[in-house]
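With mmCIF, N, CA and C atoms inside, this is run36.cif:
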data_query
#
loop_
_atom_site.label_atom_id
_atom_site.label_comp_id
_atom_site.auth_asym_id
_atom_site.auth_seq_id
_atom_site.Cartn_x
_atom_site.Cartn_y
_atom_site.Cartn_z
N MET A 33 12.34 9.86 45.01
CA MET A 33 11.17 10.10 44.21
C MET A 33 11.55 10.65 42.83
N SER A 34 12.53 11.53 42.80
CA SER A 34 12.97 12.13 41.56
C SER A 34 13.52 11.06 40.61
N LYS A 35 14.24 10.09 41.15
CA LYS A 35 14.79 9.01 40.34
C LYS A 35 13.66 8.18 39.73
N PHE A 36 12.62 7.92 40.50
CA PHE A 36 11.47 7.17 40.02
C PHE A 36 10.81 7.89 38.84
N ILE A 37 10.62 9.19 38.97
CA ILE A 37 9.98 9.98 37.91
C ILE A 37 10.84 9.98 36.66
N LYS A 38 12.14 10.08 36.82
CA LYS A 38 13.06 10.08 35.70
C LYS A 38 12.98 8.76 34.94
N HIS A 39 13.00 7.64 35.68
CA HIS A 39 12.92 6.32 35.06
C HIS A 39 11.56 6.10 34.40
N PHE A 40 10.51 6.59 35.04
CA PHE A 40 9.17 6.46 34.48
C PHE A 40 9.07 7.25 33.17
N ALA A 41 9.64 8.44 33.13
CA ALA A 41 9.61 9.26 31.92
C ALA A 41 10.37 8.59 30.79
N ILE A 42 11.50 7.98 31.09
CA ILE A 42 12.29 7.28 30.06
C ILE A 42 11.50 6.08 29.54
N LEU A 43 10.88 5.35 30.44
CA LEU A 43 10.08 4.20 30.04
C LEU A 43 8.91 4.65 29.16
N LEU A 44 8.29 5.74 29.50
CA LEU A 44 7.17 6.27 28.73
C LEU A 44 7.62 6.65 27.31
N VAL A 45 8.77 7.26 27.17
CA VAL A 45 9.30 7.64 25.85
C VAL A 45 9.58 6.38 25.02
N ILE A 46 10.15 5.37 25.62
CA ILE A 46 10.45 4.13 24.91
C ILE A 46 9.17 3.46 24.43
N VAL A 47 8.19 3.34 25.31
CA VAL A 47 6.91 2.71 24.94
C VAL A 47 6.23 3.50 23.84
N ALA A 48 6.22 4.82 23.93
CA ALA A 48 5.61 5.66 22.89
C ALA A 48 6.32 5.47 21.56
N GLY A 49 7.64 5.37 21.58
CA GLY A 49 8.41 5.16 20.36
C GLY A 49 8.11 3.83 19.68
N LEU A 50 7.84 2.82 20.47
CA LEU A 50 7.49 1.51 19.91
C LEU A 50 6.05 1.45 19.46
N TRP A 51 5.19 2.24 20.07
CA TRP A 51 3.76 2.17 19.79
C TRP A 51 3.37 2.96 18.55
N VAL A 52 4.05 4.06 18.25
CA VAL A 52 3.68 4.92 17.12
C VAL A 52 3.69 4.17 15.79
N PRO A 53 4.71 3.36 15.46
CA PRO A 53 4.65 2.63 14.19
C PRO A 53 3.46 1.69 14.10
N ALA A 54 2.98 1.20 15.23
CA ALA A 54 1.84 0.29 15.22
C ALA A 54 0.55 1.02 14.83
N LEU A 55 0.55 2.34 14.89
CA LEU A 55 -0.64 3.11 14.52
C LEU A 55 -0.84 3.21 13.01
N ALA A 56 0.21 2.93 12.24
CA ALA A 56 0.07 2.98 10.79
C ALA A 56 -1.01 2.00 10.36
N ARG A 57 -1.89 2.45 9.49
CA ARG A 57 -3.03 1.64 9.09
C ARG A 57 -2.68 0.81 7.86
N LYS A 58 -1.89 -0.20 8.04
CA LYS A 58 -1.51 -1.07 6.93
C LYS A 58 -2.71 -1.91 6.53
N GLU A 59 -3.03 -1.85 5.26
CA GLU A 59 -4.10 -2.66 4.69
C GLU A 59 -3.47 -3.79 3.90
N LYS A 60 -4.10 -4.92 3.92
CA LYS A 60 -3.72 -6.03 3.06
C LYS A 60 -4.96 -6.43 2.28
N ARG A 61 -4.86 -6.37 0.96
CA ARG A 61 -5.98 -6.71 0.09
C ARG A 61 -5.49 -7.66 -0.99
N VAL A 62 -6.36 -8.52 -1.41
CA VAL A 62 -6.05 -9.44 -2.50
C VAL A 62 -6.34 -8.73 -3.82
N ILE A 63 -5.39 -8.82 -4.75
CA ILE A 63 -5.63 -8.28 -6.09
C ILE A 63 -5.37 -9.38 -7.12
N VAL A 64 -6.08 -9.29 -8.22
CA VAL A 64 -5.91 -10.24 -9.31
C VAL A 64 -5.37 -9.49 -10.51
N VAL A 65 -4.23 -9.94 -11.00
CA VAL A 65 -3.62 -9.37 -12.20
C VAL A 65 -4.06 -10.26 -13.36
N PRO A 66 -4.91 -9.73 -14.26
CA PRO A 66 -5.50 -10.59 -15.29
C PRO A 66 -4.61 -10.88 -16.49
N ARG A 67 -3.60 -10.04 -16.71
CA ARG A 67 -2.72 -10.22 -17.88
C ARG A 67 -1.34 -9.67 -17.56
N PRO A 68 -0.33 -10.05 -18.33
CA PRO A 68 1.01 -9.53 -18.06
C PRO A 68 1.02 -8.00 -18.12
N CYS A 69 1.72 -7.38 -17.16
CA CYS A 69 1.77 -5.92 -17.11
C CYS A 69 3.01 -5.48 -16.35
N VAL A 70 3.16 -4.16 -16.26
CA VAL A 70 4.32 -3.56 -15.59
C VAL A 70 3.82 -2.57 -14.55
N LEU A 71 4.45 -2.58 -13.39
CA LEU A 71 4.15 -1.63 -12.33
C LEU A 71 5.46 -0.93 -11.99
N GLN A 72 5.60 0.32 -12.41
CA GLN A 72 6.82 1.11 -12.23
C GLN A 72 8.07 0.32 -12.59
N GLY A 73 8.06 -0.26 -13.79
CA GLY A 73 9.22 -0.96 -14.31
C GLY A 73 9.38 -2.39 -13.85
N GLN A 74 8.49 -2.88 -13.01
CA GLN A 74 8.58 -4.25 -12.49
C GLN A 74 7.49 -5.10 -13.15
N SER A 75 7.89 -6.18 -13.77
CA SER A 75 6.95 -7.03 -14.49
C SER A 75 6.12 -7.88 -13.54
N LEU A 76 4.83 -7.97 -13.85
CA LEU A 76 3.92 -8.83 -13.11
C LEU A 76 3.28 -9.80 -14.10
N VAL A 77 3.23 -11.06 -13.72
CA VAL A 77 2.57 -12.07 -14.54
C VAL A 77 1.16 -12.25 -14.00
N PRO A 78 0.24 -12.77 -14.82
CA PRO A 78 -1.12 -12.99 -14.33
C PRO A 78 -1.11 -13.86 -13.07
N GLY A 79 -1.96 -13.50 -12.12
CA GLY A 79 -2.04 -14.26 -10.88
C GLY A 79 -2.76 -13.50 -9.79
N THR A 80 -2.88 -14.14 -8.65
CA THR A 80 -3.51 -13.54 -7.48
C THR A 80 -2.43 -13.20 -6.47
N TYR A 81 -2.45 -11.95 -6.00
CA TYR A 81 -1.41 -11.46 -5.11
C TYR A 81 -2.03 -10.75 -3.91
N VAL A 82 -1.21 -10.46 -2.91
CA VAL A 82 -1.62 -9.65 -1.78
C VAL A 82 -0.95 -8.29 -1.94
N ALA A 83 -1.75 -7.23 -1.83
CA ALA A 83 -1.25 -5.86 -1.91
C ALA A 83 -1.26 -5.28 -0.50
N GLU A 84 -0.14 -4.74 -0.07
CA GLU A 84 -0.02 -4.15 1.26
C GLU A 84 0.29 -2.66 1.10
N PHE A 85 -0.51 -1.82 1.78
CA PHE A 85 -0.36 -0.37 1.65
C PHE A 85 -0.98 0.32 2.86
N ASP A 86 -0.75 1.63 2.97
CA ASP A 86 -1.34 2.43 4.04
C ASP A 86 -2.39 3.32 3.40
N GLU A 87 -3.67 3.09 3.70
CA GLU A 87 -4.74 3.82 3.03
C GLU A 87 -4.87 5.27 3.48
N SER A 88 -4.19 5.64 4.56
CA SER A 88 -4.35 7.00 5.08
C SER A 88 -3.29 7.98 4.57
N GLN A 89 -2.26 7.48 3.90
CA GLN A 89 -1.22 8.39 3.42
C GLN A 89 -0.51 7.80 2.22
N GLU A 90 0.16 8.68 1.48
CA GLU A 90 0.93 8.23 0.33
C GLU A 90 2.13 7.43 0.81
N GLY A 91 2.60 6.53 -0.04
CA GLY A 91 3.72 5.71 0.37
C GLY A 91 4.06 4.67 -0.67
N LYS A 92 4.36 3.46 -0.21
CA LYS A 92 4.73 2.37 -1.10
C LYS A 92 3.70 1.26 -1.03
N LEU A 93 3.33 0.77 -2.21
CA LEU A 93 2.50 -0.41 -2.35
C LEU A 93 3.46 -1.58 -2.49
N VAL A 94 3.24 -2.62 -1.70
CA VAL A 94 4.07 -3.81 -1.79
C VAL A 94 3.18 -4.94 -2.30
N ILE A 95 3.63 -5.62 -3.37
CA ILE A 95 2.90 -6.75 -3.93
C ILE A 95 3.61 -8.02 -3.48
N LEU A 96 2.85 -8.90 -2.84
CA LEU A 96 3.40 -10.14 -2.30
C LEU A 96 2.79 -11.35 -2.99
N ASP A 97 3.63 -12.34 -3.24
CA ASP A 97 3.18 -13.65 -3.70
C ASP A 97 3.51 -14.61 -2.57
N GLY A 98 2.52 -14.89 -1.74
CA GLY A 98 2.78 -15.62 -0.50
C GLY A 98 3.52 -14.68 0.43
N ARG A 99 4.70 -15.06 0.84
CA ARG A 99 5.52 -14.19 1.68
C ARG A 99 6.61 -13.46 0.89
N LYS A 100 6.71 -13.78 -0.38
CA LYS A 100 7.77 -13.22 -1.21
C LYS A 100 7.32 -11.89 -1.83
N GLU A 101 8.12 -10.84 -1.61
CA GLU A 101 7.85 -9.54 -2.21
C GLU A 101 8.27 -9.59 -3.67
N ILE A 102 7.32 -9.31 -4.57
CA ILE A 102 7.65 -9.36 -5.99
C ILE A 102 7.68 -7.99 -6.65
N ALA A 103 7.07 -6.99 -6.01
CA ALA A 103 7.10 -5.63 -6.56
C ALA A 103 6.84 -4.63 -5.44
N LYS A 104 7.40 -3.44 -5.63
CA LYS A 104 7.19 -2.34 -4.69
C LYS A 104 7.10 -1.07 -5.54
N ALA A 105 6.07 -0.25 -5.27
CA ALA A 105 5.87 0.94 -6.09
C ALA A 105 5.37 2.11 -5.25
N ASP A 106 5.86 3.31 -5.55
CA ASP A 106 5.39 4.53 -4.88
C ASP A 106 4.02 4.90 -5.44
N TYR A 107 3.13 5.35 -4.57
CA TYR A 107 1.81 5.77 -5.02
C TYR A 107 1.41 7.10 -4.40
N HIS A 108 0.47 7.75 -5.08
CA HIS A 108 -0.17 8.97 -4.59
C HIS A 108 -1.64 8.64 -4.41
N LEU A 109 -2.26 9.16 -3.36
CA LEU A 109 -3.69 8.93 -3.16
C LEU A 109 -4.49 9.87 -4.05
N GLU A 110 -5.52 9.34 -4.66
CA GLU A 110 -6.37 10.11 -5.56
C GLU A 110 -7.82 9.91 -5.12
N SER A 111 -8.49 11.00 -4.79
CA SER A 111 -9.88 10.92 -4.32
C SER A 111 -10.80 10.47 -5.45
N LEU A 112 -11.76 9.60 -5.10
CA LEU A 112 -12.77 9.13 -6.04
C LEU A 112 -14.09 9.82 -5.71
N LYS A 113 -14.97 9.95 -6.69
CA LYS A 113 -16.28 10.57 -6.44
C LYS A 113 -17.09 9.74 -5.45
N ASN A 114 -17.02 8.44 -5.60
CA ASN A 114 -17.72 7.49 -4.73
C ASN A 114 -16.75 6.38 -4.36
N PRO A 115 -16.97 5.71 -3.24
CA PRO A 115 -16.12 4.56 -2.92
C PRO A 115 -16.17 3.53 -4.04
N ALA A 116 -15.06 2.89 -4.29
CA ALA A 116 -14.99 1.89 -5.36
C ALA A 116 -15.94 0.74 -5.08
N GLU A 117 -16.64 0.29 -6.14
CA GLU A 117 -17.60 -0.80 -6.00
C GLU A 117 -16.93 -2.16 -6.05
N GLY A 118 -15.69 -2.19 -6.49
CA GLY A 118 -14.95 -3.43 -6.57
C GLY A 118 -13.47 -3.14 -6.70
N ASP A 119 -12.67 -4.18 -6.59
CA ASP A 119 -11.22 -4.03 -6.77
C ASP A 119 -10.94 -3.97 -8.27
N THR A 120 -10.26 -2.90 -8.71
CA THR A 120 -9.96 -2.74 -10.13
C THR A 120 -8.54 -2.25 -10.34
N LEU A 121 -7.98 -2.66 -11.46
CA LEU A 121 -6.69 -2.17 -11.92
C LEU A 121 -6.95 -1.36 -13.18
N GLU A 122 -6.37 -0.19 -13.29
CA GLU A 122 -6.49 0.62 -14.50
C GLU A 122 -5.13 0.62 -15.19
N PHE A 123 -5.18 0.41 -16.51
CA PHE A 123 -3.95 0.28 -17.29
C PHE A 123 -3.85 1.39 -18.33
N THR A 124 -2.62 1.63 -18.78
CA THR A 124 -2.35 2.42 -19.97
C THR A 124 -1.50 1.52 -20.86
N ASN A 125 -1.58 1.73 -22.15
CA ASN A 125 -0.86 0.86 -23.07
C ASN A 125 0.00 1.71 -24.00
N GLN A 126 0.99 2.37 -23.43
CA GLN A 126 1.90 3.19 -24.21
C GLN A 126 3.08 2.36 -24.65
N ASP A 127 3.54 2.60 -25.86
CA ASP A 127 4.71 1.91 -26.41
C ASP A 127 4.53 0.39 -26.42
N GLY A 128 3.29 -0.09 -26.46
CA GLY A 128 3.04 -1.52 -26.50
C GLY A 128 3.24 -2.23 -25.17
N THR A 129 3.45 -1.45 -24.11
CA THR A 129 3.64 -2.03 -22.77
C THR A 129 2.43 -1.68 -21.91
N ARG A 130 1.78 -2.69 -21.36
CA ARG A 130 0.63 -2.45 -20.48
C ARG A 130 1.15 -2.11 -19.09
N ARG A 131 0.85 -0.88 -18.64
CA ARG A 131 1.31 -0.40 -17.33
C ARG A 131 0.11 -0.14 -16.42
N ILE A 132 0.28 -0.49 -15.15
CA ILE A 132 -0.75 -0.18 -14.16
C ILE A 132 -0.60 1.29 -13.78
N VAL A 133 -1.69 2.06 -13.89
CA VAL A 133 -1.64 3.48 -13.54
C VAL A 133 -2.45 3.78 -12.28
N ARG A 134 -3.43 2.93 -11.95
CA ARG A 134 -4.20 3.15 -10.74
C ARG A 134 -4.80 1.83 -10.26
N VAL A 135 -4.89 1.72 -8.93
CA VAL A 135 -5.54 0.57 -8.30
C VAL A 135 -6.62 1.13 -7.39
N ASN A 136 -7.83 0.60 -7.54
CA ASN A 136 -8.95 0.96 -6.67
C ASN A 136 -9.35 -0.27 -5.87
N PHE A 137 -9.60 -0.08 -4.59
CA PHE A 137 -10.02 -1.19 -3.74
C PHE A 137 -11.45 -0.97 -3.27
N LYS A 138 -12.22 -2.04 -3.28
CA LYS A 138 -13.64 -1.99 -2.91
C LYS A 138 -13.82 -1.30 -1.56
N GLY A 139 -14.75 -0.33 -1.55
CA GLY A 139 -15.09 0.36 -0.32
C GLY A 139 -14.23 1.56 0.04
N LEU A 140 -13.11 1.74 -0.65
CA LEU A 140 -12.24 2.89 -0.34
C LEU A 140 -12.61 4.06 -1.25
N ALA A 141 -12.59 5.26 -0.70
CA ALA A 141 -12.92 6.47 -1.46
C ALA A 141 -11.69 7.09 -2.10
N LYS A 142 -10.56 6.40 -2.02
CA LYS A 142 -9.33 6.88 -2.65
C LYS A 142 -8.70 5.75 -3.45
N GLY A 143 -8.12 6.13 -4.59
CA GLY A 143 -7.40 5.18 -5.41
C GLY A 143 -5.91 5.41 -5.26
N LEU A 144 -5.12 4.39 -5.61
CA LEU A 144 -3.67 4.51 -5.56
C LEU A 144 -3.19 4.79 -6.97
N ARG A 145 -2.62 5.98 -7.21
CA ARG A 145 -2.16 6.41 -8.53
C ARG A 145 -0.65 6.23 -8.62
N PHE A 146 -0.21 5.64 -9.73
CA PHE A 146 1.21 5.39 -9.98
C PHE A 146 1.68 6.25 -11.14
N GLU A 147 2.88 6.79 -11.02
CA GLU A 147 3.45 7.62 -12.09
C GLU A 147 4.18 6.74 -13.06
#
Show the structure stored in the file as structure tokens.
Amino acid sequence: MSKFIKHFAILLVIVAGLWVPALARKEKRVIVVPRPCVLQGQSLVPGTYVAEFDESQEGKLVILDGRKEIAKADYHLESLKNPAEGDTLEFTNQDGTRRIVRVNFKGLAKGLRFE
């Protein structure tokens, strides 16, 4: 009986270890980049992309063109007064370079802020 309990406990630890990463709330949203810009030093050309991120915690935003990763950027979550009414990109234009500083996604009460 003791051997059975030991094996069951090991199996439980393995299953829990595999299941925890699945709890991460990865979001995939379509974003449209309307003009050439830079996201943390990575150039983006105008186009439609898929943005993958975790809306519940700070981390990395991954920009995909089909299955190809074209940019990855660290973000901080920033609370909004109201949930975003639409998907928006906010830019700054320092030194003549248009940089993405925040991305808001429709329905989310937090924006993704980039340094």
Open item on the list: Using Å and a single decimal, report how far atom CA of Gly128 of chain A sits from atom CA of Asp106 of chain A.
Closed with: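 Separation of atom CA of Asp106 of chain A and atom CA of Gly128 of chain A: 22.6 Å.
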- Hey, what's within 8 Å of segment 89-95 of chain A if we count all atoms listed in the file and toss same-chain stuff fewer than 2 positions away? As an MDAnalysis selection string, please? chainID A and resid 57 81:87 97:109
What's around Val64 of chain A at 7 Å? Count only N, CA and C atoms, leave out sequence neighbours fewer than 5 positions away in its own chain, and write the answer as a ChimeraX atom specification. /A:78-81
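For the point (-8.0, -6.3, -0.6), the residues with at least one atom inside 7 Å, counting only N, CA and C atoms, are A:Glu59, A:Lys60, A:Arg61, A:Val62, A:Ile63, A:Ala83, A:Phe137, A:Lys138.
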Mind writing the picked residues with N, CA and C atoms as an mmCIF file, keeping the file's coordinate frame?
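Output below, filename result_31.cif:
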data_model
loop_
_atom_site.group_PDB
_atom_site.id
_atom_site.type_symbol
_atom_site.label_atom_id
_atom_site.label_comp_id
_atom_site.auth_asym_id
_atom_site.auth_seq_id
_atom_site.Cartn_x
_atom_site.Cartn_y
_atom_site.Cartn_z
ATOM 1 N N GLU A 59 -3.030 -1.850 5.260
ATOM 2 C CA GLU A 59 -4.100 -2.660 4.690
ATOM 3 C C GLU A 59 -3.470 -3.790 3.900
ATOM 4 N N LYS A 60 -4.100 -4.920 3.920
ATOM 5 C CA LYS A 60 -3.720 -6.030 3.060
ATOM 6 C C LYS A 60 -4.960 -6.430 2.280
ATOM 7 N N ARG A 61 -4.860 -6.370 0.960
ATOM 8 C CA ARG A 61 -5.980 -6.710 0.090
ATOM 9 C C ARG A 61 -5.490 -7.660 -0.990
ATOM 10 N N VAL A 62 -6.360 -8.520 -1.410
ATOM 11 C CA VAL A 62 -6.050 -9.440 -2.500
ATOM 12 C C VAL A 62 -6.340 -8.730 -3.820
ATOM 13 N N ILE A 63 -5.390 -8.820 -4.750
ATOM 14 C CA ILE A 63 -5.630 -8.280 -6.090
ATOM 15 C C ILE A 63 -5.370 -9.380 -7.120
ATOM 16 N N ALA A 83 -1.750 -7.230 -1.830
ATOM 17 C CA ALA A 83 -1.250 -5.860 -1.910
ATOM 18 C C ALA A 83 -1.260 -5.280 -0.500
ATOM 19 N N PHE A 137 -9.600 -0.080 -4.590
ATOM 20 C CA PHE A 137 -10.020 -1.190 -3.740
ATOM 21 C C PHE A 137 -11.450 -0.970 -3.270
ATOM 22 N N LYS A 138 -12.220 -2.040 -3.280
ATOM 23 C CA LYS A 138 -13.640 -1.990 -2.910
ATOM 24 C C LYS A 138 -13.820 -1.300 -1.560
#
query: Quick one: which residues end up in the PyMOL selection byres (((chain A and resi 120 and name CA) around 8) and name CA) for this structure, as JSON, numbers by chain?
result: {"A": [118, 119, 121, 122, 135, 136, 137]}
